$ cat coords_33.pdb   # PDB, C-alpha atoms
ATOM      1  CA  MET A   1     -57.265  -0.971  18.622
ATOM      2  CA  LYS A   2     -57.557  -1.328  14.845
ATOM      3  CA  ARG A   3     -57.137   1.711  12.623
ATOM      4  CA  GLN A   4     -57.688   2.144   8.909
ATOM      5  CA  VAL A   5     -54.451   3.035   7.123
ATOM      6  CA  LYS A   6     -53.116   3.746   3.658
ATOM      7  CA  VAL A   7     -50.216   1.505   2.648
ATOM      8  CA  ARG A   8     -47.709   2.086  -0.150
ATOM      9  CA  ILE A   9     -45.491  -0.833  -1.092
ATOM     10  CA  ILE A  10     -42.490   0.040  -3.242
ATOM     11  CA  GLY A  11     -40.347  -2.800  -4.545
ATOM     12  CA  ARG A  12     -37.274  -2.718  -6.740
ATOM     13  CA  GLN A  13     -34.479  -4.990  -7.813
ATOM     14  CA  GLY A  14     -31.164  -3.644  -6.562
ATOM     15  CA  GLU A  15     -30.735   0.110  -6.695
ATOM     16  CA  LEU A  16     -32.321   0.532 -10.140
ATOM     17  CA  GLU A  17     -35.198   3.013 -10.087
ATOM     18  CA  GLU A  18     -36.470   1.888 -13.512
ATOM     19  CA  ASP A  19     -37.281  -1.551 -12.048
ATOM     20  CA  LYS A  20     -39.482   0.007  -9.366
ATOM     21  CA  VAL A  21     -42.986  -1.389  -8.781
ATOM     22  CA  GLU A  22     -45.412   0.523  -6.576
ATOM     23  CA  LYS A  23     -48.805  -0.449  -5.165
ATOM     24  CA  GLU A  24     -51.206   1.522  -2.929
ATOM     25  CA  LEU A  25     -53.612  -0.372  -0.677
ATOM     26  CA  SER A  26     -55.962   0.126   2.254
ATOM     27  CA  ALA A  27     -55.611  -1.987   5.377
ATOM     28  CA  SER A  28     -56.514  -2.343   9.025
ATOM     29  CA  TYR A  29     -53.550  -1.694  11.341
ATOM     30  CA  TYR A  30     -52.883  -2.637  14.925
ATOM     31  CA  PHE A  31     -49.839  -2.931  17.213
ATOM     32  CA  ARG A  32     -49.628  -5.802  19.699
ATOM     33  CA  ASN A  33     -46.758  -7.554  21.535
ATOM     34  CA  LYS A  34     -44.087  -5.377  19.863
ATOM     35  CA  CYS A  35     -45.392  -6.278  16.366
ATOM     36  CA  HIS A  36     -47.062  -4.202  13.664
ATOM     37  CA  TYR A  37     -49.966  -5.958  11.904
ATOM     38  CA  LEU A  38     -51.672  -5.094   8.628
ATOM     39  CA  LEU A  39     -54.819  -6.906   7.507
ATOM     40  CA  PHE A  40     -55.821  -6.405   3.886
ATOM     41  CA  GLU A  41     -59.341  -6.957   2.596
ATOM     42  CA  LYS A  42     -60.312  -7.602  -1.029
ATOM     43  CA  ASN A  43     -56.708  -7.757  -2.179
ATOM     44  CA  ASP A  44     -55.047 -10.267  -4.487
ATOM     45  CA  LEU A  45     -51.527  -9.196  -3.555
ATOM     46  CA  ILE A  46     -51.311  -9.570   0.243
ATOM     47  CA  SER A  47     -53.739 -10.761   2.904
ATOM     48  CA  ARG A  48     -51.664 -10.133   6.066
ATOM     49  CA  LEU A  49     -48.356  -8.577   7.123
ATOM     50  CA  LYS A  50     -46.689  -8.922  10.531
ATOM     51  CA  ALA A  51     -43.537  -6.930  11.285
ATOM     52  CA  SER A  52     -41.118  -6.680  14.186
ATOM     53  CA  SER A  53     -37.491  -5.540  14.295
ATOM     54  CA  GLU A  54     -36.378  -9.191  13.969
ATOM     55  CA  GLU A  55     -38.837 -10.594  11.412
ATOM     56  CA  VAL A  56     -41.371  -9.648   8.760
ATOM     57  CA  SER A  57     -43.885 -12.163   7.435
ATOM     58  CA  ILE A  58     -46.105 -11.522   4.432
ATOM     59  CA  ASN A  59     -49.007 -13.840   3.662
ATOM     60  CA  SER A  60     -50.534 -13.885   0.210
ATOM     61  CA  HIS A  61     -52.753 -16.269  -1.693
ATOM     62  CA  THR A  62     -49.739 -17.808  -3.472
ATOM     63  CA  SER A  63     -47.065 -17.904  -0.747
ATOM     64  CA  LYS A  64     -45.919 -16.957   2.739
ATOM     65  CA  MET A  65     -42.656 -15.027   2.761
ATOM     66  CA  ILE A  66     -40.670 -14.756   5.993
ATOM     67  CA  PHE A  67     -37.844 -12.238   6.187
ATOM     68  CA  ASN A  68     -35.512 -12.909   9.118
ATOM     69  CA  THR A  69     -32.003 -11.504   9.539
ATOM     70  CA  ASP A  70     -30.945 -14.510  11.651
ATOM     71  CA  GLY A  71     -30.741 -16.808   8.640
ATOM     72  CA  GLU A  72     -32.119 -17.960   5.346
ATOM     73  CA  THR A  73     -35.809 -18.879   5.155
ATOM     74  CA  ARG A  74     -37.686 -20.987   2.617
ATOM     75  CA  THR A  75     -41.021 -20.507   0.937
ATOM     76  CA  SER A  76     -43.120 -22.200  -1.706
ATOM     77  CA  TYR A  77     -44.529 -20.017  -4.472
ATOM     78  CA  TYR A  78     -47.590 -21.547  -6.109
ATOM     79  CA  THR A  79     -48.264 -20.877  -9.792
ATOM     80  CA  PRO A  80     -50.772 -22.411 -12.230
ATOM     81  CA  TYR A  81     -47.822 -24.404 -13.632
ATOM     82  CA  GLY A  82     -46.606 -25.823 -10.331
ATOM     83  CA  CYS A  83     -44.779 -24.944  -7.156
ATOM     84  CA  LEU A  84     -41.421 -23.136  -7.008
ATOM     85  CA  GLU A  85     -39.242 -23.591  -3.931
ATOM     86  CA  MET A  86     -37.562 -20.292  -3.045
ATOM     87  CA  ARG A  87     -34.981 -19.191  -0.476
ATOM     88  CA  ILE A  88     -34.937 -15.755   1.111
ATOM     89  CA  ASP A  89     -31.668 -14.369   2.468
ATOM     90  CA  THR A  90     -32.593 -11.213   4.393
ATOM     91  CA  ARG A  91     -29.841  -8.609   4.729
ATOM     92  CA  LEU A  92     -31.743  -5.832   6.512
ATOM     93  CA  ILE A  93     -34.987  -5.110   8.343
ATOM     94  CA  LYS A  94     -35.547  -1.573   9.632
ATOM     95  CA  ILE A  95     -38.683  -0.074  11.099
ATOM     96  CA  HIS A  96     -38.915   3.708  11.454
ATOM     97  CA  LYS A  97     -41.860   5.139  13.379
ATOM     98  CA  LYS A  98     -42.874   8.771  13.379
ATOM     99  CA  GLU A  99     -46.069  10.400  14.600
ATOM    100  CA  ASP A 100     -48.481   9.258  11.849
ATOM    101  CA  LEU A 101     -46.075   7.297   9.665
ATOM    102  CA  ILE A 102     -44.386   3.899   9.871
ATOM    103  CA  VAL A 103     -41.768   2.852   7.304
ATOM    104  CA  ILE A 104     -40.536  -0.736   7.025
ATOM    105  CA  ASN A 105     -37.415  -1.351   4.902
ATOM    106  CA  ILE A 106     -36.440  -4.861   3.814
ATOM    107  CA  CYS A 107     -33.372  -5.833   1.734
ATOM    108  CA  TYR A 108     -33.071  -9.458   0.620
ATOM    109  CA  LYS A 109     -31.794 -11.918  -1.961
ATOM    110  CA  LEU A 110     -34.165 -14.376  -3.581
ATOM    111  CA  SER A 111     -32.835 -17.678  -4.931
ATOM    112  CA  SER A 112     -34.158 -20.950  -6.312
ATOM    113  CA  ALA A 113     -32.336 -24.212  -7.062
ATOM    114  CA  GLY A 114     -29.074 -22.693  -5.789
ATOM    115  CA  GLU A 115     -29.198 -19.749  -8.240
ATOM    116  CA  ILE A 116     -29.709 -16.128  -7.173
ATOM    117  CA  ILE A 117     -32.798 -14.796  -8.919
ATOM    118  CA  SER A 118     -32.678 -11.221  -7.673
ATOM    119  CA  GLU A 119     -31.537  -8.794  -4.996
ATOM    120  CA  ASN A 120     -34.489  -6.751  -3.804
ATOM    121  CA  ILE A 121     -35.422  -3.747  -1.717
ATOM    122  CA  VAL A 122     -38.968  -3.313  -0.397
ATOM    123  CA  ASP A 123     -40.254  -0.205   1.359
ATOM    124  CA  ILE A 124     -43.620  -0.445   3.109
ATOM    125  CA  ILE A 125     -44.999   2.964   4.025
ATOM    126  CA  ILE A 126     -47.948   3.013   6.427
ATOM    127  CA  GLU A 127     -49.853   6.283   6.797
ATOM    128  CA  LEU A 128     -52.026   6.307   9.910
ATOM    129  CA  GLU A 129     -55.305   8.128   9.344
TER     130      GLU A 129
END
$ encode --input "coords_33.pdb" --output "structure tokens"
Amino acid sequence: MKRQVKVRIIGRQGELEEDKVEKELSASYYFRNKCHYLLFEKNDLISRLKASSEEVSINSHTSKMIFNTDGETRTSYYTPYGCLEMRIDTRLIKIHKKEDLIVINICYKLSSAGEIISENIVDIIIELE
């Protein structure tokens, strides 16, 4: 069963609060086969998110990012100037579920051409309505 939800995505590089970026979105939510799904309409940032305790995948119009603690994953990030090949080294995926709240925490390193670009923390807060 799909439910409308409010989603807050908070991203930051490392532990620095001044580098924090926050976005609030609406989405359709459903849970199937031990996975949480979010479907976003009319959004330039993300079109779909799928999350389990082992893997989180985020689809957008410019890339598909897969976070998996079993090993490094690769993605292509498309820009108007060309394609950037990126590697994602996921350190942590945690999913906390309470009565009307689901929190997904992801910690990862992003690199390109063998150089670390950033260490990131993303918190995805889903408020069930």
$ residues_around --input "coords_33.pdb" --residues "Ser53 (chain A)" --least-positions-apart "4" --cutoff "9 Å" --atoms "all atoms listed in the file" --output "PDB file with C-alpha atoms, in the coordinates of the input"
ATOM      1  CA  LYS A  34     -44.087  -5.377  19.863  1.00  0.00           C
ATOM      2  CA  CYS A  35     -45.392  -6.278  16.366  1.00  0.00           C
ATOM      3  CA  ILE A  93     -34.987  -5.110   8.343  1.00  0.00           C
ATOM      4  CA  LYS A  94     -35.547  -1.573   9.632  1.00  0.00           C
ATOM      5  CA  ILE A  95     -38.683  -0.074  11.099  1.00  0.00           C
TER       6      ILE A  95
END
$ closest_residue --input "coords_33.pdb" --among "A:Ala51, A:Leu39, A:Val21, A:Met86" --to "Val103 (chain A)" --atoms "all atoms listed in the file"
A:Ala51
$ atom_distance --input "coords_33.pdb" --atom1 "CA of Glu41 (chain A)" --atom2 "CA of Glu22 (chain A)"
18.3 Å
$ atom_distance --input "coords_33.pdb" --atom1 "CA of Lys6 (chain A)" --atom2 "CA of Ala27 (chain A)"
6.5 Å
$ residues_near_point --input "coords_33.pdb" --point "(-57.5, -0.1, 3.6)" --cutoff "7 Å" --atoms "all atoms listed in the file" --output "NGL selection string"
:A and (4-6 or 25-28 or 40)
$ write_last_selection --input "coords_33.pdb" --atoms "C-alpha atoms" --output "PDB file, in the frame of the given file"
ATOM      1  CA  GLN A   4     -57.688   2.144   8.909  1.00  0.00           C
ATOM      2  CA  VAL A   5     -54.451   3.035   7.123  1.00  0.00           C
ATOM      3  CA  LYS A   6     -53.116   3.746   3.658  1.00  0.00           C
ATOM      4  CA  LEU A  25     -53.612  -0.372  -0.677  1.00  0.00           C
ATOM      5  CA  SER A  26     -55.962   0.126   2.254  1.00  0.00           C
ATOM      6  CA  ALA A  27     -55.611  -1.987   5.377  1.00  0.00           C
ATOM      7  CA  SER A  28     -56.514  -2.343   9.025  1.00  0.00           C
ATOM      8  CA  PHE A  40     -55.821  -6.405   3.886  1.00  0.00           C
TER       9      PHE A  40
END
$ residues_around --input "coords_33.pdb" --residues "Arg12 (chain A)" --least-positions-apart "5" --cutoff "10 Å" --atoms "all atoms listed in the file" --output "ChimeraX atom specification"
/A:17-22,107,118-123
$ closest_residue --input "coords_33.pdb" --among "A:Lys97, A:Arg48, A:Arg74, A:Arg91" --to "Ala113 (chain A)" --atoms "only C-alpha atoms"
A:Arg74
$ atom_distance --input "coords_33.pdb" --atom1 "CA of Arg8 (chain A)" --atom2 "CA of Ser60 (chain A)"
16.2 Å
$ residues_around --input "coords_33.pdb" --residues "Ile102 (chain A)" --least-positions-apart "5" --cutoff "10 Å" --atoms "all atoms listed in the file" --output "PyMOL selection string"
chain A and resi 7+36+95-97+124-128
$ write_last_selection --input "coords_33.pdb" --atoms "C-alpha atoms" --output "mmCIF file, in the frame of the given file"
data_model
loop_
_atom_site.group_PDB
_atom_site.id
_atom_site.type_symbol
_atom_site.label_atom_id
_atom_site.label_comp_id
_atom_site.auth_asym_id
_atom_site.auth_seq_id
_atom_site.Cartn_x
_atom_site.Cartn_y
_atom_site.Cartn_z
ATOM 1 C CA VAL A 7 -50.216 1.505 2.648
ATOM 2 C CA HIS A 36 -47.062 -4.202 13.664
ATOM 3 C CA ILE A 95 -38.683 -0.074 11.099
ATOM 4 C CA HIS A 96 -38.915 3.708 11.454
ATOM 5 C CA LYS A 97 -41.860 5.139 13.379
ATOM 6 C CA ILE A 124 -43.620 -0.445 3.109
ATOM 7 C CA ILE A 125 -44.999 2.964 4.025
ATOM 8 C CA ILE A 126 -47.948 3.013 6.427
ATOM 9 C CA GLU A 127 -49.853 6.283 6.797
ATOM 10 C CA LEU A 128 -52.026 6.307 9.910
#
$ closest_residue --input "coords_33.pdb" --among "A:Arg87, A:Glu129, A:Thr73, A:Thr79" --to "Glu99 (chain A)" --atoms "all atoms listed in the file"
A:Glu129
$ closest_residue --input "coords_33.pdb" --among "A:Leu101, A:Cys83, A:Gln13, A:Leu92" --to "Glu54 (chain A)" --atoms "all atoms listed in the file"
A:Leu92
$ resolve_selection --input "coords_33.pdb" --expression "the PyMOL selection byres ((chain A and resi 30) around 6)" --output "list in words"
Met1, Lys2, Tyr29, Phe31 and Tyr37 of chain A
$ residues_near_point --input "coords_33.pdb" --point "(-32.1, -11.7, -2.4)" --cutoff "7 Å" --atoms "all atoms listed in the file" --output "JSON, numbers by chain"
{"A": [88, 89, 90, 108, 109, 110, 111, 116, 118, 119, 120]}
